[in-house]
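What follows is the content of start.cif, which has mmCIF, C-alpha atoms:
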data_target
#
loop_
_atom_site.group_PDB
_atom_site.id
_atom_site.type_symbol
_atom_site.label_atom_id
_atom_site.label_comp_id
_atom_site.auth_asym_id
_atom_site.auth_seq_id
_atom_site.Cartn_x
_atom_site.Cartn_y
_atom_site.Cartn_z
ATOM 1 C CA MET F 1 64.451 13.991 -101.010
ATOM 2 C CA LYS F 2 64.999 10.669 -99.244
ATOM 3 C CA SER F 3 64.040 9.991 -95.654
ATOM 4 C CA PRO F 4 67.099 10.676 -93.446
ATOM 5 C CA ARG F 5 69.036 7.962 -91.712
ATOM 6 C CA HIS F 6 69.312 8.927 -88.079
ATOM 7 C CA ASN F 7 72.710 9.087 -86.421
ATOM 8 C CA THR F 8 72.695 6.833 -83.365
ATOM 9 C CA GLU F 9 74.995 6.212 -80.435
ATOM 10 C CA GLY F 10 74.988 3.244 -78.090
ATOM 11 C CA VAL F 11 75.027 3.683 -74.309
ATOM 12 C CA ARG F 12 74.517 1.379 -71.336
ATOM 13 C CA LEU F 13 72.309 2.459 -68.452
ATOM 14 C CA PRO F 14 74.078 2.283 -65.073
ATOM 15 C CA VAL F 15 71.473 0.489 -62.927
ATOM 16 C CA SER F 16 69.588 -1.885 -65.227
ATOM 17 C CA ARG F 17 72.670 -2.341 -67.462
ATOM 18 C CA LEU F 18 70.291 -2.099 -70.388
ATOM 19 C CA ALA F 19 72.000 -1.300 -73.702
ATOM 20 C CA VAL F 20 70.164 1.391 -75.657
ATOM 21 C CA MET F 21 70.681 3.341 -78.848
ATOM 22 C CA LEU F 22 70.175 7.112 -78.785
ATOM 23 C CA ARG F 23 69.429 9.118 -81.903
ATOM 24 C CA GLN F 24 69.721 12.788 -82.688
ATOM 25 C CA PRO F 25 66.503 14.777 -82.157
ATOM 26 C CA THR F 26 64.616 15.684 -85.313
ATOM 27 C CA GLY F 27 62.518 18.744 -85.980
ATOM 28 C CA GLU F 28 59.486 16.751 -84.825
ATOM 29 C CA ASP F 29 61.192 16.232 -81.448
ATOM 30 C CA ASP F 30 62.039 19.940 -81.331
ATOM 31 C CA LEU F 31 58.335 20.727 -81.722
ATOM 32 C CA VAL F 32 57.564 18.415 -78.798
ATOM 33 C CA LEU F 33 60.032 20.371 -76.681
ATOM 34 C CA ARG F 34 58.646 23.742 -77.752
ATOM 35 C CA GLU F 35 54.912 23.110 -78.036
ATOM 36 C CA TRP F 36 53.763 20.192 -75.911
ATOM 37 C CA ARG F 37 52.438 21.179 -72.498
ATOM 38 C CA MET F 38 53.181 18.525 -69.892
ATOM 39 C CA SER F 39 54.897 18.110 -66.552
ATOM 40 C CA GLN F 40 58.669 17.847 -66.430
ATOM 41 C CA HIS F 41 58.553 14.148 -65.497
ATOM 42 C CA VAL F 42 56.207 13.351 -68.385
ATOM 43 C CA LEU F 43 58.303 15.363 -70.856
ATOM 44 C CA ALA F 44 61.478 13.547 -69.756
ATOM 45 C CA GLN F 45 59.771 10.167 -70.152
ATOM 46 C CA THR F 46 58.290 11.172 -73.523
ATOM 47 C CA LEU F 47 61.637 12.343 -74.860
ATOM 48 C CA ALA F 48 63.382 9.180 -73.678
ATOM 49 C CA ALA F 49 60.752 7.006 -75.335
ATOM 50 C CA ARG F 50 61.029 8.952 -78.608
ATOM 51 C CA LEU F 51 64.824 9.104 -78.857
ATOM 52 C CA ALA F 52 65.949 5.763 -77.400
ATOM 53 C CA ARG F 53 65.599 2.169 -78.545
ATOM 54 C CA THR F 54 66.920 -1.041 -77.099
ATOM 55 C CA ASP F 55 70.001 -2.347 -78.875
ATOM 56 C CA ASP F 56 67.817 -4.820 -80.806
ATOM 57 C CA GLY F 57 65.683 -1.969 -82.133
ATOM 58 C CA GLN F 58 62.664 -2.390 -79.837
ATOM 59 C CA PRO F 59 60.860 0.601 -78.271
ATOM 60 C CA LEU F 60 62.181 1.592 -74.866
ATOM 61 C CA ASP F 61 59.739 1.300 -71.960
ATOM 62 C CA ALA F 62 60.800 4.562 -70.321
ATOM 63 C CA ASP F 63 58.100 4.265 -67.641
ATOM 64 C CA ALA F 64 59.762 1.116 -66.287
ATOM 65 C CA LEU F 65 63.200 2.723 -65.874
ATOM 66 C CA CYS F 66 64.374 3.625 -62.406
ATOM 67 C CA VAL F 67 64.922 7.345 -61.887
ATOM 68 C CA THR F 68 68.723 7.090 -62.021
ATOM 69 C CA ASP F 69 68.611 5.316 -65.382
ATOM 70 C CA LEU F 70 66.277 7.958 -66.815
ATOM 71 C CA GLN F 71 68.539 10.765 -65.604
ATOM 72 C CA ALA F 72 71.613 8.997 -66.980
ATOM 73 C CA LEU F 73 69.784 8.627 -70.298
ATOM 74 C CA LEU F 74 69.005 12.353 -70.342
ATOM 75 C CA LEU F 75 72.644 13.213 -69.645
ATOM 76 C CA ARG F 76 73.791 10.872 -72.405
ATOM 77 C CA LEU F 77 71.286 12.483 -74.743
ATOM 78 C CA ARG F 78 72.663 15.901 -73.868
ATOM 79 C CA GLN F 79 76.126 14.478 -74.603
ATOM 80 C CA VAL F 80 74.982 13.347 -78.061
ATOM 81 C CA VAL F 81 73.344 16.690 -78.864
ATOM 82 C CA ALA F 82 75.724 19.231 -77.321
ATOM 83 C CA GLY F 83 78.916 17.475 -76.231
ATOM 84 C CA ASP F 84 80.431 16.124 -73.035
ATOM 85 C CA VAL F 85 81.143 19.363 -71.150
ATOM 86 C CA ILE F 86 78.467 21.101 -69.082
ATOM 87 C CA GLN F 87 79.185 24.736 -68.227
ATOM 88 C CA ALA F 88 77.135 26.998 -66.024
ATOM 89 C CA GLU F 89 77.544 30.280 -64.183
ATOM 90 C CA VAL F 90 76.328 30.994 -60.660
ATOM 91 C CA THR F 91 76.645 33.924 -58.267
ATOM 92 C CA CYS F 92 78.609 33.763 -55.019
ATOM 93 C CA ALA F 93 76.119 33.774 -52.151
ATOM 94 C CA SER F 94 78.230 36.152 -50.060
ATOM 95 C CA SER F 95 76.541 39.581 -49.964
ATOM 96 C CA GLN F 96 80.006 41.190 -49.806
ATOM 97 C CA CYS F 97 81.199 39.371 -52.928
ATOM 98 C CA ARG F 98 78.472 38.395 -55.438
ATOM 99 C CA ALA F 99 81.137 37.364 -57.950
ATOM 100 C CA ARG F 100 80.218 35.223 -60.945
ATOM 101 C CA VAL F 101 81.516 31.659 -60.555
ATOM 102 C CA ASP F 102 81.988 29.282 -63.483
ATOM 103 C CA ILE F 103 81.051 25.644 -62.936
ATOM 104 C CA ALA F 104 82.132 23.080 -65.520
ATOM 105 C CA PHE F 105 82.335 19.297 -65.572
ATOM 106 C CA ARG F 106 82.276 16.409 -68.023
ATOM 107 C CA ILE F 107 79.183 14.230 -68.214
ATOM 108 C CA SER F 108 81.319 11.104 -68.651
ATOM 109 C CA GLU F 109 83.294 11.852 -65.478
ATOM 110 C CA TYR F 110 80.154 12.839 -63.569
ATOM 111 C CA LEU F 111 78.498 9.495 -64.319
ATOM 112 C CA GLU F 112 81.661 7.582 -63.418
ATOM 113 C CA SER F 113 81.793 9.392 -60.054
ATOM 114 C CA HIS F 114 78.403 7.914 -59.094
ATOM 115 C CA PRO F 115 79.033 4.161 -59.244
ATOM 116 C CA VAL F 116 76.339 1.593 -58.478
ATOM 117 C CA ARG F 117 77.014 -0.506 -55.341
ATOM 118 C CA THR F 118 75.276 -3.523 -53.862
ATOM 119 C CA PRO F 119 75.247 -3.276 -50.037
ATOM 120 C CA ARG F 120 76.500 -6.244 -48.041
ATOM 121 C CA GLY F 121 73.813 -8.743 -47.140
ATOM 122 C CA LEU F 122 71.395 -7.543 -49.812
ATOM 123 C CA ALA F 123 70.078 -9.905 -52.452
ATOM 124 C CA PRO F 124 67.186 -10.054 -54.963
ATOM 125 C CA SER F 125 64.085 -11.719 -53.531
ATOM 126 C CA GLU F 126 62.357 -11.905 -56.918
ATOM 127 C CA PRO F 127 62.778 -9.916 -60.152
ATOM 128 C CA GLY F 128 62.948 -6.232 -59.275
ATOM 129 C CA TRP F 129 62.704 -6.682 -55.482
ATOM 130 C CA PHE F 130 65.449 -6.780 -52.837
ATOM 131 C CA GLN F 131 65.703 -7.769 -49.190
ATOM 132 C CA PHE F 132 68.406 -8.107 -46.569
ATOM 133 C CA ALA F 133 69.398 -11.521 -45.268
ATOM 134 C CA GLY F 134 67.243 -12.508 -42.315
ATOM 135 C CA GLU F 135 64.570 -9.883 -43.045
ATOM 136 C CA THR F 136 61.112 -10.379 -44.514
ATOM 137 C CA ALA F 137 60.589 -6.738 -45.532
ATOM 138 C CA ARG F 138 61.536 -5.959 -49.102
ATOM 139 C CA PHE F 139 61.811 -3.023 -51.496
ATOM 140 C CA ARG F 140 62.169 -2.143 -55.157
ATOM 141 C CA LEU F 141 63.700 0.888 -56.839
ATOM 142 C CA PRO F 142 61.276 3.712 -57.675
ATOM 143 C CA SER F 143 60.425 3.874 -61.360
ATOM 144 C CA VAL F 144 59.524 6.761 -63.623
ATOM 145 C CA LEU F 145 55.929 5.551 -63.491
ATOM 146 C CA ASP F 146 56.019 5.715 -59.681
ATOM 147 C CA LEU F 147 57.074 9.366 -59.806
ATOM 148 C CA ARG F 148 54.200 10.145 -62.119
ATOM 149 C CA ALA F 149 51.806 8.333 -59.782
ATOM 150 C CA ILE F 150 52.729 10.489 -56.778
ATOM 151 C CA GLU F 151 52.743 13.863 -58.561
ATOM 152 C CA GLY F 152 50.589 16.340 -56.689
ATOM 153 C CA GLN F 153 50.282 14.254 -53.533
ATOM 154 C CA ARG F 154 50.620 16.091 -50.219
ATOM 155 C CA LEU F 155 53.221 13.685 -48.794
ATOM 156 C CA PRO F 156 55.043 12.331 -51.851
ATOM 157 C CA ASP F 157 57.829 10.582 -49.889
ATOM 158 C CA ARG F 158 55.313 8.544 -47.911
ATOM 159 C CA ALA F 159 53.339 7.746 -51.057
ATOM 160 C CA LEU F 160 56.505 6.566 -52.785
ATOM 161 C CA ALA F 161 57.439 4.374 -49.807
ATOM 162 C CA ARG F 162 54.008 2.732 -49.939
ATOM 163 C CA LEU F 163 54.590 1.848 -53.586
ATOM 164 C CA CYS F 164 58.168 0.601 -53.229
ATOM 165 C CA MET F 165 58.379 -1.010 -49.756
ATOM 166 C CA GLU F 166 56.569 -4.000 -48.248
ATOM 167 C CA PRO F 167 54.958 -4.455 -45.781
ATOM 168 C CA ALA F 168 53.351 -1.115 -44.994
ATOM 169 C CA GLU F 169 54.741 -1.054 -41.440
ATOM 170 C CA ILE F 170 58.542 -1.375 -41.310
ATOM 171 C CA PRO F 171 60.674 -0.567 -38.246
ATOM 172 C CA PRO F 172 62.334 2.857 -38.651
ATOM 173 C CA ALA F 173 65.900 1.485 -38.440
ATOM 174 C CA LEU F 174 65.227 -1.073 -41.168
ATOM 175 C CA ARG F 175 63.467 1.530 -43.291
ATOM 176 C CA ARG F 176 66.522 3.799 -43.104
ATOM 177 C CA ARG F 177 68.746 0.859 -44.017
ATOM 178 C CA MET F 178 66.550 0.131 -47.028
ATOM 179 C CA GLU F 179 66.639 3.781 -48.098
ATOM 180 C CA ARG F 180 70.456 3.786 -47.929
ATOM 181 C CA ALA F 181 70.473 0.600 -49.994
ATOM 182 C CA MET F 182 68.281 2.271 -52.615
ATOM 183 C CA GLU F 183 70.781 5.124 -52.902
ATOM 184 C CA ALA F 184 73.643 2.651 -53.280
ATOM 185 C CA LEU F 185 71.849 0.618 -55.959
ATOM 186 C CA ALA F 186 70.661 3.731 -57.819
ATOM 187 C CA PRO F 187 72.792 6.764 -56.857
ATOM 188 C CA PRO F 188 70.835 10.019 -57.318
ATOM 189 C CA LEU F 189 72.286 12.075 -60.172
ATOM 190 C CA SER F 190 70.432 15.252 -59.221
ATOM 191 C CA ARG F 191 72.382 16.650 -56.278
ATOM 192 C CA SER F 192 74.267 19.614 -54.877
ATOM 193 C CA LEU F 193 77.599 20.558 -56.439
ATOM 194 C CA VAL F 194 80.091 22.364 -54.229
ATOM 195 C CA GLY F 195 82.912 24.605 -55.411
ATOM 196 C CA GLU F 196 84.872 27.631 -54.261
ATOM 197 C CA CYS F 197 84.474 31.263 -55.194
ATOM 198 C CA PRO F 198 87.719 32.425 -56.883
ATOM 199 C CA GLU F 199 87.251 35.945 -55.486
ATOM 200 C CA CYS F 200 86.468 35.451 -51.783
ATOM 201 C CA GLY F 201 87.243 31.763 -51.305
ATOM 202 C CA ARG F 202 83.838 30.971 -49.809
ATOM 203 C CA PRO F 203 82.145 27.673 -50.669
ATOM 204 C CA VAL F 204 79.701 27.883 -53.564
ATOM 205 C CA GLU F 205 76.879 25.360 -53.665
ATOM 206 C CA VAL F 206 74.395 24.844 -56.477
ATOM 207 C CA TYR F 207 71.783 22.144 -56.908
ATOM 208 C CA PHE F 208 72.124 20.327 -60.238
ATOM 209 C CA ASP F 209 68.699 19.052 -61.277
ATOM 210 C CA VAL F 210 69.315 16.750 -64.240
ATOM 211 C CA GLU F 211 65.810 16.865 -65.691
ATOM 212 C CA THR F 212 65.448 20.636 -65.341
ATOM 213 C CA TYR F 213 68.876 21.385 -66.824
ATOM 214 C CA VAL F 214 68.757 18.972 -69.759
ATOM 215 C CA LEU F 215 65.163 19.687 -70.764
ATOM 216 C CA ARG F 216 65.676 23.457 -70.559
ATOM 217 C CA GLU F 217 68.850 23.295 -72.641
ATOM 218 C CA LEU F 218 67.302 21.007 -75.269
ATOM 219 C CA SER F 219 64.253 23.273 -75.436
ATOM 220 C CA ASP F 220 66.460 26.349 -75.886
ATOM 221 C CA ARG F 221 68.353 24.583 -78.676
ATOM 222 C CA ALA F 222 65.046 23.656 -80.324
ATOM 223 C CA ALA F 223 63.895 27.291 -80.476
ATOM 224 C CA GLY F 224 65.316 27.767 -83.982
ATOM 225 C CA ILE F 225 63.153 25.056 -85.558
ATOM 226 C CA TYR F 226 60.640 27.548 -87.004
ATOM 227 C CA GLN F 227 63.297 29.701 -88.691
ATOM 228 C CA ASP F 228 65.081 26.582 -89.961
ATOM 229 C CA VAL F 229 61.914 25.198 -91.536
ATOM 230 C CA HIS F 230 61.108 28.570 -93.087
ATOM 231 C CA LEU F 231 64.611 28.948 -94.563
ATOM 232 C CA LEU F 232 64.915 25.409 -95.942
ATOM 233 C CA ALA F 233 61.391 25.388 -97.339
ATOM 234 C CA LEU F 234 61.924 28.780 -98.958
ATOM 235 C CA HIS F 235 65.284 27.904 -100.530
ATOM 236 C CA TYR F 236 65.070 24.177 -101.309
ATOM 237 C CA LYS F 237 61.268 23.968 -101.687
ATOM 238 C CA TRP F 238 61.177 20.960 -99.344
ATOM 239 C CA PRO F 239 57.834 20.279 -97.627
ATOM 240 C CA GLU F 240 57.589 20.826 -93.879
ATOM 241 C CA ASP F 241 57.274 17.140 -92.969
ATOM 242 C CA ARG F 242 60.511 16.315 -94.789
ATOM 243 C CA ILE F 243 62.389 19.087 -93.022
ATOM 244 C CA LEU F 244 61.004 18.092 -89.620
ATOM 245 C CA ALA F 245 62.185 14.505 -90.238
ATOM 246 C CA LEU F 246 65.818 15.595 -90.571
ATOM 247 C CA PRO F 247 68.105 14.929 -87.587
ATOM 248 C CA ARG F 248 68.866 18.257 -85.947
ATOM 249 C CA ASN F 249 72.612 18.157 -86.667
ATOM 250 C CA ARG F 250 72.001 17.572 -90.399
ATOM 251 C CA ARG F 251 69.313 20.253 -90.582
ATOM 252 C CA MET F 252 71.680 22.744 -88.973
ATOM 253 C CA GLN F 253 74.393 21.913 -91.510
ATOM 254 C CA TYR F 254 72.071 22.877 -94.363
ATOM 255 C CA VAL F 255 71.027 26.051 -92.563
ATOM 256 C CA GLU F 256 74.633 27.045 -91.814
ATOM 257 C CA MET F 257 75.662 26.514 -95.438
ATOM 258 C CA LEU F 258 72.847 28.754 -96.625
ATOM 259 C CA ARG F 259 73.739 31.457 -94.111
ATOM 260 C CA ASP F 260 77.410 31.243 -95.105
ATOM 261 C CA GLN F 261 76.223 32.101 -98.613
ATOM 262 C CA GLY F 262 74.257 35.026 -97.284
ATOM 263 C CA VAL F 263 70.848 33.372 -97.588
ATOM 264 C CA GLY F 264 68.564 34.256 -94.687
ATOM 265 C CA ALA F 265 71.304 36.235 -92.911
#

Once more with this new file: its structure as structure tokens, please.
Amino acid sequence: MKSPRHNTEGVRLPVSRLAVMLRQPTGEDDLVLREWRMSQHVLAQTLAARLARTDDGQPLDADALCVTDLQALLLRLRQVVAGDVIQAEVTCASSQCRARVDIAFRISEYLESHPVRTPRGLAPSEPGWFQFAGETARFRLPSVLDLRAIEGQRLPDRALARLCMEPAEIPPALRRRMERAMEALAPPLSRSLVGECPECGRPVEVYFDVETYVLRELSDRAAGIYQDVHLLALHYKWPEDRILALPRNRRMQYVEMLRDQGVGA
């Protein structure tokens, strides 16, 4: 059995404009999702580093990505694995209604609806840093590594500001202006989605957390790895490491063909 050639898909990250290649998860990646115990931020970074490469084939430094780029990468990965449409079901918050409300949107359209903007008067001061014309204070976009650095701190917002803004003391009005600029340069992709209940007409609001949603869905999809390995090893006599090296979509094709023939049903 030859080593599999991974299916890849090219994407461009919205903030850094970095071109990356995403590959299908393998069984080894499924085991990471099911067995490794780590924080959500670390798991997201680990998965990005495992499944993405720069377009020239170099390892991706996921720690250096800004948060928006990491979340966009996770959404693109979900697109590669499970398709463009995200569907979820929530309950109407009205105690008199409590109807089930379907929420659906396309990842491609969602990303397009959060364009990157450069505020007027803002310019790079040096690589990675920005400042407004006439101001000496400067800022940079929070990175994945920054989020890991502030995990568990009592006042994470203040800790993040200390890492990403200089000097330490900035007038409140300028600080707010810098924060708005950060959101324009790197629009948050985790945010509230608002719809309408089809039964009572009341607004329905749900918070879409990109990392939580994508990692949970990928983990749920990885749950069949043990049965897949058992079935393929039993029928084809392939060793575990060879099966785990298969891209998930190819592994599932073999499994589905066997089940269509009544094997392992």

Would you kindly identify which residues have an atom no farther than 12 Å from (75.4, -1.6, -54.4), using all atoms listed in the file and the file's own coordinates, and write them out as a PDB file with C-alpha atoms, keeping the file's coordinate frame?
ATOM      1  CA  PRO F  14      74.078   2.283 -65.073  1.00  0.00           C
ATOM      2  CA  VAL F  15      71.473   0.489 -62.927  1.00  0.00           C
ATOM      3  CA  HIS F 114      78.403   7.914 -59.094  1.00  0.00           C
ATOM      4  CA  PRO F 115      79.033   4.161 -59.244  1.00  0.00           C
ATOM      5  CA  VAL F 116      76.339   1.593 -58.478  1.00  0.00           C
ATOM      6  CA  ARG F 117      77.014  -0.506 -55.341  1.00  0.00           C
ATOM      7  CA  THR F 118      75.276  -3.523 -53.862  1.00  0.00           C
ATOM      8  CA  PRO F 119      75.247  -3.276 -50.037  1.00  0.00           C
ATOM      9  CA  ARG F 120      76.500  -6.244 -48.041  1.00  0.00           C
ATOM     10  CA  GLY F 121      73.813  -8.743 -47.140  1.00  0.00           C
ATOM     11  CA  LEU F 122      71.395  -7.543 -49.812  1.00  0.00           C
ATOM     12  CA  ALA F 123      70.078  -9.905 -52.452  1.00  0.00           C
ATOM     13  CA  PRO F 124      67.186 -10.054 -54.963  1.00  0.00           C
ATOM     14  CA  PHE F 130      65.449  -6.780 -52.837  1.00  0.00           C
ATOM     15  CA  MET F 178      66.550   0.131 -47.028  1.00  0.00           C
ATOM     16  CA  ARG F 180      70.456   3.786 -47.929  1.00  0.00           C
ATOM     17  CA  ALA F 181      70.473   0.600 -49.994  1.00  0.00           C
ATOM     18  CA  MET F 182      68.281   2.271 -52.615  1.00  0.00           C
ATOM     19  CA  GLU F 183      70.781   5.124 -52.902  1.00  0.00           C
ATOM     20  CA  ALA F 184      73.643   2.651 -53.280  1.00  0.00           C
ATOM     21  CA  LEU F 185      71.849   0.618 -55.959  1.00  0.00           C
ATOM     22  CA  ALA F 186      70.661   3.731 -57.819  1.00  0.00           C
ATOM     23  CA  PRO F 187      72.792   6.764 -56.857  1.00  0.00           C
TER      24      PRO F 187
END

Any idea what the distance is between atom CA of F:Gln261 and atom CA of F:Glu240?
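Separation of atom CA of F:Gln261 and atom CA of F:Glu240: 22.3 Å.
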
Smallest atom-to-atom distance to F:Leu70: which of F:Glu169, F:Glu109, F:Glu211, F:Glu256, using all atoms listed in the file?
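That would be F:Glu211, the residue with the smallest distance to F:Leu70.
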
Which value, in Å to one decimal, gives the distance between atom CA of F:Arg158 and atom CA of F:Pro188?
18.2 Å

Ranking F:Val81, F:Val67, F:Cys197, F:Leu60 by minimum distance to F:Pro25 and counting all atoms listed in the file, which one comes first?
F:Val81

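Reported to one decimal place, the separation of atom CA of F:Leu73 from atom CA of F:Arg12 is 8.7 Å.
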
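Among the candidate residues F:Val101, F:Val210, F:Leu232, F:Leu189, the one lying nearest to F:Gln40 is F:Val210, with distances computed using all atoms listed in the file.
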
For F:Ala222, the nearest of the candidates F:Ala133, F:Val144, F:Ala82, F:Leu111, counting all atoms listed in the file
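Residue with the minimum atom-to-atom distance to F:Ala222: F:Ala82.
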
Would you give the centre and edge lengths, in Å to one decimal, of a box along x, y and z around the listed atoms of stretch 205-213 of chain F, with 8 Å added to each side, as JSON?
{"center_x": 71.2, "center_y": 21.1, "center_z": -60.2, "size_x": 27.4, "size_y": 24.6, "size_z": 29.2}

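Using only C-alpha atoms, the shortest contact distance between F:Ala104 and any of F:Val194, F:Val255, F:Val229, F:Leu31 is found at F:Val194.
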
Residue completion, stretch 68-89 of chain F, N, CA and C atoms, as a compact mmCIF listing (two decimals), keeping the file's coordinate frame:
# COMPACT_ATOMS: atom_id res chain seq x y z
N THR F 68 67.31 6.89 -61.68
CA THR F 68 68.72 7.09 -62.02
C THR F 68 69.00 6.76 -63.47
N ASP F 69 68.41 5.68 -63.98
CA ASP F 69 68.61 5.32 -65.38
C ASP F 69 68.02 6.37 -66.32
N LEU F 70 66.85 6.92 -65.97
CA LEU F 70 66.28 7.96 -66.82
C LEU F 70 67.17 9.20 -66.83
N GLN F 71 67.68 9.59 -65.66
CA GLN F 71 68.54 10.76 -65.60
C GLN F 71 69.85 10.53 -66.34
N ALA F 72 70.40 9.33 -66.23
CA ALA F 72 71.61 9.00 -66.98
C ALA F 72 71.34 9.06 -68.48
N LEU F 73 70.16 8.58 -68.89
CA LEU F 73 69.78 8.63 -70.30
C LEU F 73 69.69 10.07 -70.79
N LEU F 74 69.10 10.95 -69.97
CA LEU F 74 69.00 12.35 -70.34
C LEU F 74 70.38 12.99 -70.48
N LEU F 75 71.29 12.67 -69.56
CA LEU F 75 72.64 13.21 -69.64
C LEU F 75 73.36 12.70 -70.88
N ARG F 76 73.18 11.43 -71.20
CA ARG F 76 73.79 10.87 -72.40
C ARG F 76 73.20 11.52 -73.66
N LEU F 77 71.91 11.80 -73.62
CA LEU F 77 71.29 12.48 -74.74
C LEU F 77 71.87 13.88 -74.91
N ARG F 78 72.05 14.58 -73.80
CA ARG F 78 72.66 15.90 -73.87
C ARG F 78 74.07 15.79 -74.44
N GLN F 79 74.79 14.73 -74.09
CA GLN F 79 76.13 14.48 -74.60
C GLN F 79 76.10 14.31 -76.12
N VAL F 80 75.12 13.58 -76.62
CA VAL F 80 74.98 13.35 -78.06
C VAL F 80 74.67 14.65 -78.79
N VAL F 81 73.81 15.47 -78.20
CA VAL F 81 73.34 16.69 -78.86
C VAL F 81 74.34 17.83 -78.76
N ALA F 82 74.95 18.01 -77.57
CA ALA F 82 75.72 19.23 -77.32
C ALA F 82 77.13 18.99 -76.81
N GLY F 83 77.56 17.74 -76.68
CA GLY F 83 78.92 17.48 -76.23
C GLY F 83 79.01 17.06 -74.77
N ASP F 84 80.21 16.73 -74.34
CA ASP F 84 80.43 16.12 -73.04
C ASP F 84 80.52 17.13 -71.90
N VAL F 85 80.88 18.37 -72.20
CA VAL F 85 81.14 19.36 -71.15
C VAL F 85 79.89 20.17 -70.84
N ILE F 86 79.54 20.23 -69.56
CA ILE F 86 78.47 21.10 -69.08
C ILE F 86 79.10 22.31 -68.41
N GLN F 87 78.67 23.50 -68.81
CA GLN F 87 79.18 24.74 -68.23
C GLN F 87 78.02 25.58 -67.75
N ALA F 88 78.17 26.13 -66.57
CA ALA F 88 77.14 27.00 -66.02
C ALA F 88 77.80 28.11 -65.21
N GLU F 89 77.04 29.14 -64.95
CA GLU F 89 77.54 30.28 -64.18
C GLU F 89 76.60 30.56 -63.04
